[in-house]
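Participant: Sharing final.pdb (PDB, C-alpha atoms) below.
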ATOM      1  CA  MET Z   1     -55.523 -82.886  85.014
ATOM      2  CA  ASP Z   2     -54.017 -86.339  85.279
ATOM      3  CA  ASN Z   3     -50.469 -87.521  85.971
ATOM      4  CA  THR Z   4     -49.616 -87.577  82.254
ATOM      5  CA  THR Z   5     -50.007 -83.820  82.068
ATOM      6  CA  ASN Z   6     -47.591 -83.432  84.988
ATOM      7  CA  LEU Z   7     -44.966 -85.415  83.051
ATOM      8  CA  ILE Z   8     -45.096 -83.010  80.105
ATOM      9  CA  SER Z   9     -42.792 -80.145  80.856
ATOM     10  CA  PRO Z  10     -42.913 -76.823  79.018
ATOM     11  CA  LYS Z  11     -39.380 -77.639  77.816
ATOM     12  CA  LEU Z  12     -40.691 -80.708  75.995
ATOM     13  CA  LEU Z  13     -43.089 -78.530  74.003
ATOM     14  CA  GLN Z  14     -40.302 -75.998  73.361
ATOM     15  CA  ARG Z  15     -38.065 -78.802  72.074
ATOM     16  CA  LEU Z  16     -40.857 -79.939  69.757
ATOM     17  CA  CYS Z  17     -41.315 -76.385  68.473
ATOM     18  CA  HIS Z  18     -37.582 -76.247  67.727
ATOM     19  CA  GLY Z  19     -37.825 -79.389  65.581
ATOM     20  CA  GLU Z  20     -36.464 -82.074  67.917
ATOM     21  CA  GLU Z  21     -37.868 -85.402  66.755
ATOM     22  CA  GLU Z  22     -37.123 -86.953  70.150
ATOM     23  CA  ALA Z  23     -39.627 -84.529  71.705
ATOM     24  CA  LEU Z  24     -42.299 -85.767  69.297
ATOM     25  CA  ARG Z  25     -41.477 -89.363  70.208
ATOM     26  CA  SER Z  26     -41.752 -88.505  73.912
ATOM     27  CA  LEU Z  27     -45.148 -86.887  73.366
ATOM     28  CA  LEU Z  28     -46.280 -89.907  71.387
ATOM     29  CA  ASP Z  29     -45.171 -92.197  74.222
ATOM     30  CA  LEU Z  30     -46.861 -90.047  76.871
ATOM     31  CA  LEU Z  31     -50.098 -89.061  75.118
ATOM     32  CA  GLY Z  32     -50.394 -91.536  72.254
ATOM     33  CA  PRO Z  33     -52.326 -94.179  74.222
ATOM     34  CA  LYS Z  34     -54.920 -91.622  75.410
ATOM     35  CA  VAL Z  35     -55.350 -90.130  71.935
ATOM     36  CA  LEU Z  36     -55.606 -93.631  70.430
ATOM     37  CA  ALA Z  37     -58.296 -94.635  72.951
ATOM     38  CA  TYR Z  38     -60.228 -91.444  72.153
ATOM     39  CA  CYS Z  39     -59.999 -92.109  68.396
ATOM     40  CA  LYS Z  40     -61.032 -95.737  68.805
ATOM     41  CA  LYS Z  41     -64.049 -94.708  70.888
ATOM     42  CA  LYS Z  42     -65.154 -92.236  68.208
ATOM     43  CA  VAL Z  43     -64.537 -94.286  65.017
ATOM     44  CA  GLY Z  44     -65.183 -97.762  66.384
ATOM     45  CA  ASN Z  45     -62.200 -99.725  65.133
ATOM     46  CA  GLU Z  46     -58.520-100.070  65.934
ATOM     47  CA  GLU Z  47     -57.168 -99.794  62.387
ATOM     48  CA  ASP Z  48     -58.833 -96.452  61.633
ATOM     49  CA  ALA Z  49     -57.936 -95.183  65.116
ATOM     50  CA  GLU Z  50     -54.249 -96.015  64.584
ATOM     51  CA  GLU Z  51     -54.251 -94.256  61.217
ATOM     52  CA  LEU Z  52     -55.868 -91.201  62.808
ATOM     53  CA  LEU Z  53     -53.310 -91.230  65.629
ATOM     54  CA  LEU Z  54     -50.450 -91.058  63.121
ATOM     55  CA  ASP Z  55     -52.176 -88.262  61.191
ATOM     56  CA  ILE Z  56     -52.712 -86.279  64.397
ATOM     57  CA  PHE Z  57     -49.075 -86.463  65.452
ATOM     58  CA  LEU Z  58     -47.919 -85.729  61.896
ATOM     59  CA  LYS Z  59     -50.069 -82.607  61.891
ATOM     60  CA  LEU Z  60     -48.615 -81.597  65.260
ATOM     61  CA  TRP Z  61     -45.120 -82.051  63.789
ATOM     62  CA  HIS Z  62     -45.975 -80.239  60.573
ATOM     63  CA  PHE Z  63     -47.289 -77.159  62.412
ATOM     64  CA  ARG Z  64     -44.783 -77.260  65.280
ATOM     65  CA  ASP Z  65     -43.347 -73.847  64.408
ATOM     66  CA  LYS Z  66     -46.815 -72.254  64.785
ATOM     67  CA  ILE Z  67     -47.559 -73.722  68.224
ATOM     68  CA  ASP Z  68     -47.851 -71.373  71.186
ATOM     69  CA  GLN Z  69     -45.138 -72.729  73.470
ATOM     70  CA  THR Z  70     -47.231 -71.913  76.530
ATOM     71  CA  ALA Z  71     -50.185 -73.978  75.218
ATOM     72  CA  ASP Z  72     -51.422 -77.124  76.919
ATOM     73  CA  VAL Z  73     -50.184 -79.761  74.479
ATOM     74  CA  GLN Z  74     -52.823 -82.258  75.637
ATOM     75  CA  VAL Z  75     -55.632 -79.828  74.818
ATOM     76  CA  LEU Z  76     -53.947 -79.075  71.488
ATOM     77  CA  LEU Z  77     -53.684 -82.771  70.585
ATOM     78  CA  PHE Z  78     -57.293 -83.506  71.466
ATOM     79  CA  THR Z  79     -58.453 -80.503  69.450
ATOM     80  CA  ILE Z  80     -56.505 -81.797  66.440
ATOM     81  CA  ALA Z  81     -57.912 -85.272  67.128
ATOM     82  CA  ARG Z  82     -61.498 -84.015  67.249
ATOM     83  CA  ASN Z  83     -61.087 -82.177  63.935
ATOM     84  CA  HIS Z  84     -59.422 -85.175  62.263
ATOM     85  CA  ILE Z  85     -62.152 -87.520  63.493
ATOM     86  CA  LEU Z  86     -64.906 -85.213  62.225
ATOM     87  CA  ASN Z  87     -63.185 -84.968  58.834
ATOM     88  CA  PHE Z  88     -62.708 -88.740  58.751
ATOM     89  CA  ILE Z  89     -66.387 -89.410  59.511
ATOM     90  CA  ARG Z  90     -67.553 -86.748  57.041
ATOM     91  CA  ASN Z  91     -65.291 -88.110  54.263
ATOM     92  CA  LYS Z  92     -66.382 -91.669  54.961
ATOM     93  CA  ALA Z  93     -70.048 -90.663  54.773
ATOM     94  CA  THR Z  94     -69.437 -88.747  51.539
ATOM     95  CA  ARG Z  95     -67.693 -91.766  49.977
ATOM     96  CA  GLN Z  96     -70.547 -94.030  51.022
ATOM     97  CA  LEU Z  97     -73.161 -91.666  49.605
ATOM     98  CA  ALA Z  98     -71.240 -91.403  46.345
ATOM     99  CA  THR Z  99     -71.398 -95.163  45.851
ATOM    100  CA  ILE Z 100     -75.157 -95.528  46.211
ATOM    101  CA  GLU Z 101     -78.011 -94.359  44.091
ATOM    102  CA  PRO Z 102     -80.135 -91.554  45.541
ATOM    103  CA  ALA Z 103     -83.141 -93.865  45.811
ATOM    104  CA  GLU Z 104     -81.055 -96.249  47.952
ATOM    105  CA  ALA Z 105     -79.861 -93.545  50.345
ATOM    106  CA  LEU Z 106     -82.448 -94.413  52.989
ATOM    107  CA  PRO Z 107     -82.565 -97.869  54.626
ATOM    108  CA  GLN Z 108     -84.964-100.461  53.196
ATOM    109  CA  GLN Z 109     -87.032-100.644  56.393
ATOM    110  CA  GLU Z 110     -87.943 -96.972  56.032
ATOM    111  CA  ASP Z 111     -89.951 -97.301  52.806
ATOM    112  CA  HIS Z 112     -92.606 -94.866  54.020
ATOM    113  CA  ILE Z 113     -89.944 -92.128  54.363
ATOM    114  CA  ARG Z 114     -88.378 -92.965  50.983
ATOM    115  CA  GLN Z 115     -91.768 -92.576  49.325
ATOM    116  CA  ARG Z 116     -92.154 -89.069  50.763
ATOM    117  CA  ILE Z 117     -88.646 -87.814  50.117
ATOM    118  CA  ASP Z 118     -86.801 -87.605  46.874
ATOM    119  CA  TYR Z 119     -83.101 -87.469  47.709
ATOM    120  CA  ASN Z 120     -82.203 -85.426  44.650
ATOM    121  CA  GLU Z 121     -84.861 -82.860  45.454
ATOM    122  CA  LEU Z 122     -83.630 -82.626  49.023
ATOM    123  CA  PHE Z 123     -80.057 -82.120  47.890
ATOM    124  CA  ASN Z 124     -81.180 -79.427  45.453
ATOM    125  CA  GLN Z 125     -83.072 -77.659  48.233
ATOM    126  CA  TYR Z 126     -79.932 -77.740  50.361
ATOM    127  CA  GLN Z 127     -77.888 -76.229  47.502
ATOM    128  CA  GLN Z 128     -80.527 -73.515  46.977
ATOM    129  CA  VAL Z 129     -80.373 -72.580  50.655
ATOM    130  CA  LEU Z 130     -76.574 -72.329  50.430
ATOM    131  CA  GLU Z 131     -76.973 -69.965  47.479
ATOM    132  CA  LYS Z 132     -79.129 -67.686  49.652
ATOM    133  CA  LEU Z 133     -76.224 -67.163  52.043
ATOM    134  CA  GLY Z 134     -73.924 -64.210  51.575
ATOM    135  CA  GLU Z 135     -70.836 -64.889  49.472
ATOM    136  CA  LYS Z 136     -68.373 -64.852  52.383
ATOM    137  CA  GLN Z 137     -70.756 -66.748  54.668
ATOM    138  CA  ARG Z 138     -71.224 -69.447  52.011
ATOM    139  CA  ALA Z 139     -67.457 -69.661  51.435
ATOM    140  CA  VAL Z 140     -66.791 -70.073  55.173
ATOM    141  CA  PHE Z 141     -69.508 -72.724  55.513
ATOM    142  CA  ARG Z 142     -68.245 -74.726  52.533
ATOM    143  CA  MET Z 143     -64.622 -74.534  53.736
ATOM    144  CA  SER Z 144     -65.762 -75.841  57.110
ATOM    145  CA  ARG Z 145     -68.240 -78.517  56.067
ATOM    146  CA  GLU Z 146     -67.102 -79.583  52.606
ATOM    147  CA  GLU Z 147     -63.340 -79.046  52.784
ATOM    148  CA  GLY Z 148     -63.023 -79.912  56.475
ATOM    149  CA  LEU Z 149     -60.883 -76.889  57.351
ATOM    150  CA  SER Z 150     -60.591 -75.820  60.983
ATOM    151  CA  HIS Z 151     -61.844 -72.427  62.111
ATOM    152  CA  ARG Z 152     -58.221 -71.236  62.417
ATOM    153  CA  GLU Z 153     -57.386 -72.404  58.875
ATOM    154  CA  ILE Z 154     -60.444 -70.630  57.456
ATOM    155  CA  ALA Z 155     -59.647 -67.443  59.381
ATOM    156  CA  ASP Z 156     -56.049 -67.466  58.113
ATOM    157  CA  LYS Z 157     -57.096 -68.216  54.548
ATOM    158  CA  LEU Z 158     -59.702 -65.437  54.415
ATOM    159  CA  GLY Z 159     -57.928 -62.930  56.654
ATOM    160  CA  ILE Z 160     -60.769 -62.747  59.184
ATOM    161  CA  SER Z 161     -61.013 -63.511  62.904
ATOM    162  CA  ILE Z 162     -61.925 -66.925  64.299
ATOM    163  CA  ARG Z 163     -64.984 -65.329  65.942
ATOM    164  CA  THR Z 164     -66.139 -64.127  62.516
ATOM    165  CA  VAL Z 165     -65.696 -67.647  61.133
ATOM    166  CA  GLU Z 166     -67.719 -69.069  64.043
ATOM    167  CA  ALA Z 167     -70.431 -66.434  63.541
ATOM    168  CA  HIS Z 168     -70.689 -67.240  59.809
ATOM    169  CA  ILE Z 169     -70.979 -70.985  60.498
ATOM    170  CA  HIS Z 170     -73.538 -70.482  63.265
ATOM    171  CA  SER Z 171     -75.600 -68.174  61.070
ATOM    172  CA  SER Z 172     -75.377 -70.580  58.113
ATOM    173  CA  LEU Z 173     -76.584 -73.523  60.199
ATOM    174  CA  LYS Z 174     -79.438 -71.436  61.579
ATOM    175  CA  THR Z 175     -80.497 -70.462  58.048
ATOM    176  CA  ILE Z 176     -80.294 -74.064  56.819
ATOM    177  CA  ARG Z 177     -82.332 -75.301  59.782
ATOM    178  CA  THR Z 178     -84.955 -72.600  59.263
ATOM    179  CA  GLU Z 179     -85.223 -73.001  55.487
ATOM    180  CA  LEU Z 180     -85.268 -76.792  55.416
ATOM    181  CA  LYS Z 181     -87.184 -77.335  58.673
ATOM    182  CA  ASP Z 182     -87.920 -81.082  59.037
ATOM    183  CA  ALA Z 183     -85.717 -81.988  56.087
ATOM    184  CA  TYR Z 184     -82.654 -80.709  57.991
ATOM    185  CA  ILE Z 185     -82.698 -83.795  60.214
ATOM    186  CA  LEU Z 186     -82.903 -86.062  57.163
ATOM    187  CA  ILE Z 187     -79.918 -84.324  55.553
ATOM    188  CA  VAL Z 188     -77.873 -84.915  58.707
ATOM    189  CA  LEU Z 189     -78.957 -88.571  58.817
ATOM    190  CA  LEU Z 190     -78.061 -89.078  55.171
ATOM    191  CA  LEU Z 191     -74.605 -87.578  55.692
ATOM    192  CA  ILE Z 192     -73.718 -89.728  58.701
ATOM    193  CA  GLN Z 193     -74.983 -93.093  57.374
TER
END
Reformat the file's structure so that it appears as C-alpha cells.

Facilitator:
Amino acid sequence: MDNTTNLISPKLLQRLCHGEEEALRSLLDLLGPKVLAYCKKKVGNEEDAEELLLDIFLKLWHFRDKIDQTADVQVLLFTIARNHILNFIRNKATRQLATIEPAEALPQQEDHIRQRIDYNELFNQYQQVLEKLGEKQRAVFRMSREEGLSHREIADKLGISIRTVEAHIHSSLKTIRTELKDAYILIVLLLIQ
C-alpha cells in the first residue's frame, strides 16, 4: 500500500462509524484526490468526476453504521467508486438510448450493420431470453443491471448470500451470451454508446 494508507488509523474509521463528521472530512482530505483521479480516468471529465466523488463519500457517510471497523477504508471507497461509476455509465447510456430512435442507434458509418439488425427485434430477443431465466435469477439480474444495485444490496433485499447473487448473475450472462450469440456483442455496444 502507499503512504496514504499508513496515515489512516483504525481509530479514524471507528470515529467515522460513530458519526463524527470530522472523520469524514479527514478521509476526504486523505483519499479524496485519489478517488477523484480514479473517477476522472473512468468517466473522462472533471465535472462528472467531482459529482461522483461527492456521491461516493455521501454513501460512505450514509452507511457508516454498517461498516466493518476492521475493513480497509481505501478498498471500501474504491469499491463504492467502481459501483457508482458503473451505474453512472449505465444510466448515461440508457438516457442516450432513450433519446434516439431505434433506427439511429448504430452510427451512420455502419450502414451495413444497421441493414442487418433491427434494434427493436434485438431488444425483444433480449427480453425473451430474460423471460427464460428462473424467476429469482431474472430478479437478481434485473436488480444488478437495470436498477444498479450492488451484490450486497441484492443479497440483503432478497435474503440470500452474496455468492448466490454472483452465481445468478454469472449464470444469467452465460445464458444471454449463449442465446443471443453474435447479437450479444451488439447489445453491449448499444448500451455503452

Participant: For the atom pair CA of Lys136 (chain Z) and CA of Leu149 (chain Z), what is the interatomic distance in Å to one decimal place?

Facilitator: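 According to the coordinates, CA of Lys136 (chain Z) and CA of Leu149 (chain Z) are separated by 15.0 Å.
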
Participant: In Å, with one decimal, what is the gap from CA of Gln14 (chain Z) to CA of Gly159 (chain Z)?

Facilitator: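 These atoms are spaced 27.6 Å apart.
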
Participant: Please evaluate the PyMOL selection byres ((chain Z and resi 147) around 12) against the displayed coordinates and give the resulting residues as a compact mmCIF listing (two decimals) with C-alpha atoms, in the coordinates of the input.

Facilitator:
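Output (expr_31.txt):
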# COMPACT_ATOMS: atom_id res chain seq x y z
CA ASN Z 83 -61.09 -82.18 63.94
CA HIS Z 84 -59.42 -85.18 62.26
CA LEU Z 86 -64.91 -85.21 62.22
CA ASN Z 87 -63.18 -84.97 58.83
CA PHE Z 88 -62.71 -88.74 58.75
CA ARG Z 90 -67.55 -86.75 57.04
CA ASN Z 91 -65.29 -88.11 54.26
CA THR Z 94 -69.44 -88.75 51.54
CA ALA Z 139 -67.46 -69.66 51.44
CA VAL Z 140 -66.79 -70.07 55.17
CA PHE Z 141 -69.51 -72.72 55.51
CA ARG Z 142 -68.24 -74.73 52.53
CA MET Z 143 -64.62 -74.53 53.74
CA SER Z 144 -65.76 -75.84 57.11
CA ARG Z 145 -68.24 -78.52 56.07
CA GLU Z 146 -67.10 -79.58 52.61
CA GLY Z 148 -63.02 -79.91 56.48
CA LEU Z 149 -60.88 -76.89 57.35
CA SER Z 150 -60.59 -75.82 60.98
CA HIS Z 151 -61.84 -72.43 62.11
CA GLU Z 153 -57.39 -72.40 58.88
CA ILE Z 154 -60.44 -70.63 57.46

Participant: Starting from the displayed file, determine the output of the PyMOL selection byres ((chain Z and resi 171) around 12) and express the residue list as a PDB file with C-alpha atoms, keeping the file's coordinate frame.

Facilitator:
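Produced file out-v7.pdb, reproduced below:
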ATOM      1  CA  LEU Z 130     -76.574 -72.329  50.430  1.00  0.00           C
ATOM      2  CA  LYS Z 132     -79.129 -67.686  49.652  1.00  0.00           C
ATOM      3  CA  LEU Z 133     -76.224 -67.163  52.043  1.00  0.00           C
ATOM      4  CA  GLY Z 134     -73.924 -64.210  51.575  1.00  0.00           C
ATOM      5  CA  LYS Z 136     -68.373 -64.852  52.383  1.00  0.00           C
ATOM      6  CA  GLN Z 137     -70.756 -66.748  54.668  1.00  0.00           C
ATOM      7  CA  ARG Z 138     -71.224 -69.447  52.011  1.00  0.00           C
ATOM      8  CA  VAL Z 140     -66.791 -70.073  55.173  1.00  0.00           C
ATOM      9  CA  PHE Z 141     -69.508 -72.724  55.513  1.00  0.00           C
ATOM     10  CA  THR Z 164     -66.139 -64.127  62.516  1.00  0.00           C
ATOM     11  CA  VAL Z 165     -65.696 -67.647  61.133  1.00  0.00           C
ATOM     12  CA  GLU Z 166     -67.719 -69.069  64.043  1.00  0.00           C
ATOM     13  CA  ALA Z 167     -70.431 -66.434  63.541  1.00  0.00           C
ATOM     14  CA  HIS Z 168     -70.689 -67.240  59.809  1.00  0.00           C
ATOM     15  CA  ILE Z 169     -70.979 -70.985  60.498  1.00  0.00           C
ATOM     16  CA  HIS Z 170     -73.538 -70.482  63.265  1.00  0.00           C
ATOM     17  CA  SER Z 172     -75.377 -70.580  58.113  1.00  0.00           C
ATOM     18  CA  LEU Z 173     -76.584 -73.523  60.199  1.00  0.00           C
ATOM     19  CA  LYS Z 174     -79.438 -71.436  61.579  1.00  0.00           C
ATOM     20  CA  THR Z 175     -80.497 -70.462  58.048  1.00  0.00           C
ATOM     21  CA  ILE Z 176     -80.294 -74.064  56.819  1.00  0.00           C
ATOM     22  CA  ARG Z 177     -82.332 -75.301  59.782  1.00  0.00           C
ATOM     23  CA  THR Z 178     -84.955 -72.600  59.263  1.00  0.00           C
TER      24      THR Z 178
END

Participant: To one decimal place in Å, what is the distance between CA of Thr70 (chain Z) and CA of Leu158 (chain Z)?

Facilitator: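 Taking CA of Thr70 (chain Z) and CA of Leu158 (chain Z), their separation equals 26.2 Å.
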
Participant: Going by the chain IDs and residue numbers used in this file, which residues fall under the PyMOL selection byres ((chain Z and resi 60) around 10)? Write them as a list of chain:residue names.

Facilitator: Z:Leu16, Z:Cys17, Z:Leu24, Z:Leu54, Z:Asp55, Z:Ile56, Z:Phe57, Z:Leu58, Z:Lys59, Z:Trp61, Z:His62, Z:Phe63, Z:Arg64, Z:Asp65, Z:Lys66, Z:Ile67, Z:Val73, Z:Leu76, Z:Leu77, Z:Ile80

Participant: Find, counting all atoms listed in the file, the residue in Z:Thr79, Z:Asn124, Z:Gln69, Z:Ser9 that gets nearest to Val35 (chain Z).

Facilitator: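 Under the stated criterion, the closest residue is Z:Thr79.
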
Participant: Nearest residue to Asp72 (chain Z) out of Z:Glu46, Z:Gln125, Z:Glu51, Z:Leu13, using only C-alpha atoms?

Facilitator: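 Looking only at the distances to Asp72 (chain Z), the closest residue turns out to be Z:Leu13.
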
Participant: Take every atom of region 21-31 of chain Z listed in the file, fit an axis-aligned box around them, add 8 Å per side, and give the centre and edge lengths in Å to one decimal as AutoDock Vina command-line options.

Facilitator:
--center_x -43.6 --center_y -88.4 --center_z 71.8 --size_x 29.0 --size_y 23.7 --size_z 26.1

Participant: Pick from Z:Pro10, Z:Arg82, Z:His18, Z:Ala71: nearest to Lys42 (chain Z), with only C-alpha atoms counted?

Facilitator: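 Ranking Z:Pro10, Z:Arg82, Z:His18, Z:Ala71 by distance to Lys42 (chain Z), first place goes to Z:Arg82.
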